[in-house]
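To start, the structure under review is shown below, and the notes come after it.
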Amino acid sequence: MTEQPTDGLMPFHAMEILKRAKAIEATGRIVCHLEVGEPGSPPAPRVIEAVARALPQAQGYTNAKGLAELRDGLAAYYADQHGVAVDADSILATMGSSAGFIIAFHTAFRPGARIAITRPGYPAYVNTLLGLGFGMVEIPLEADNGWRLTGAAIAAAHAAERFEGLLFASPANPTGAAVDRAGLADIVATCRRLGVRLISDEIYHGLDYRGPSVSALELTRDAIVINSFSKYYCMTGWRIGWMVLPDELVRRAEILQQNLFISAPTLSQIAATVALGERDYAEEQKAAYAVNRGLLDHGLHALGFDIGSPADGAFYAYAGISRFSNDSMRFCERLLDEAGVAATPGIDFDRVGGNRYVRFSYAGTRDSIDMALQRMAAFLR
């Protein structure tokens, strides 16, 4: 058995399952990939064309903040989609949202500061905070409340153990839960009252099935906003994201970018600049996810999984497995080995109660969802 670190760091189990699935595929078996949260489609054709034109050119470093064309495009995005004026100088292009989190933590907080996150939540939050030496406070969410964070829950957690920051995603991974404008305003107001710096993870913006996604920037300029081209724009492997910073943090973030990452990949920035103008293509992909969402929700209900209403956004179903198992890792290993269906164990997202859950991604094709449901029906029989 591979020895694990003793400081709380845990493997990213979605990636561990993916590695295991790839090994199975190498033997010739077909695997239904519902484990990793990434679109099955490539970027828009015009994105690929733009990159092909740029390939023969030397790809040197860009400004540490990123290409001016990209940052101008992002400023226009906030004006068009959210009705807010954002100065392009406040925007920093990053190596995916992952680099954005690292820069945000080191920019806004002193070493060892405590930052609150939700449970269940994206596992990299926990492991990045622990790996960088920050403290962590988890705010438990409940299925009965649709897995949504509230100002009251933040205040209660802060009263029990003070924290300096809150990292929060809407729509969220793994539950797909999203707060509406009033809910986000409650969160923003609570953070302001408590003196807590809000980091708003908006990586699944655009993938909200109830209506337009609401950015924290519509309600405050004190928050750090982090986003990425990975999900909505089908560019996970391009490793390109961005962050919007309050004025007083911009220079420190730029200096950290210069020294930690130099700049985001140039080709990826070129691709991202074009992707911003290809929302029609992105909306076509979203429509396909919406079909998959209904198909998977219906199928999981029929198979006996404990699942509430379809998720508000993103492209995940967070399903209870109490009828079948109390060990989500073992359940996913057997599901992969015996049925050829890859899913992510709930312990990735919740180290306390996650053994009762499994996350399925429906960002792939309808055929993959159909095949996975058929295989699971035989596996659970």
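In the structure tokens, each chain is lettered A, B, ... as it comes, each chain's residues begin at 1, and ligands are numbered from 1 in order of appearance.
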
Query raised in the report: Gln59 (chain A): which residues within 9 Å, counting only C-alpha atoms, same-chain residues fewer than 6 positions away excluded, as a ChimeraX atom specification?
Result: /A:265-267

Which residues of region 147-211 of chain A come within 9 Å of region 349-371 of chain A, and what is each one's closest atom pair and distance in Å (one decimal), counting only C-alpha atoms, sorted by chain and residue number, as a Markdown table?
```
| residue | atom | partner | partner_atom | distance |
| --- | --- | --- | --- | --- |
| A:Asn173 | CA | A:Phe349 | CA | 8.3 |
| A:Pro174 | CA | A:Arg359 | CA | 6.5 |
| A:Thr175 | CA | A:Arg359 | CA | 8.0 |
```

Requested in this report: Measuring atom to atom with only C-alpha atoms, identify which of A:Ser90, A:Val196, A:Gly73, A:Ala342 is nearest to Phe109 (chain A).
Outcome: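 Using only C-alpha atoms, Phe109 (chain A) sits closest to A:Val196.
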
Query raised in the report: Quick one: residues within 8 Å of Val36 (chain A), only C-alpha atoms counted, chain neighbours fewer than 6 positions away excluded, as a VMD selection string?
Result: chain A and resid 14 to 15 18 343 to 344 361

Query raised in the report: So, counting only C-alpha atoms, which residue among A:Ala317, A:Ala152, A:Ala271, A:Ile307 is closest to Ala54 (chain A)?
Result: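 The shortest atom-to-atom distance to Ala54 (chain A) comes from A:Ala271.
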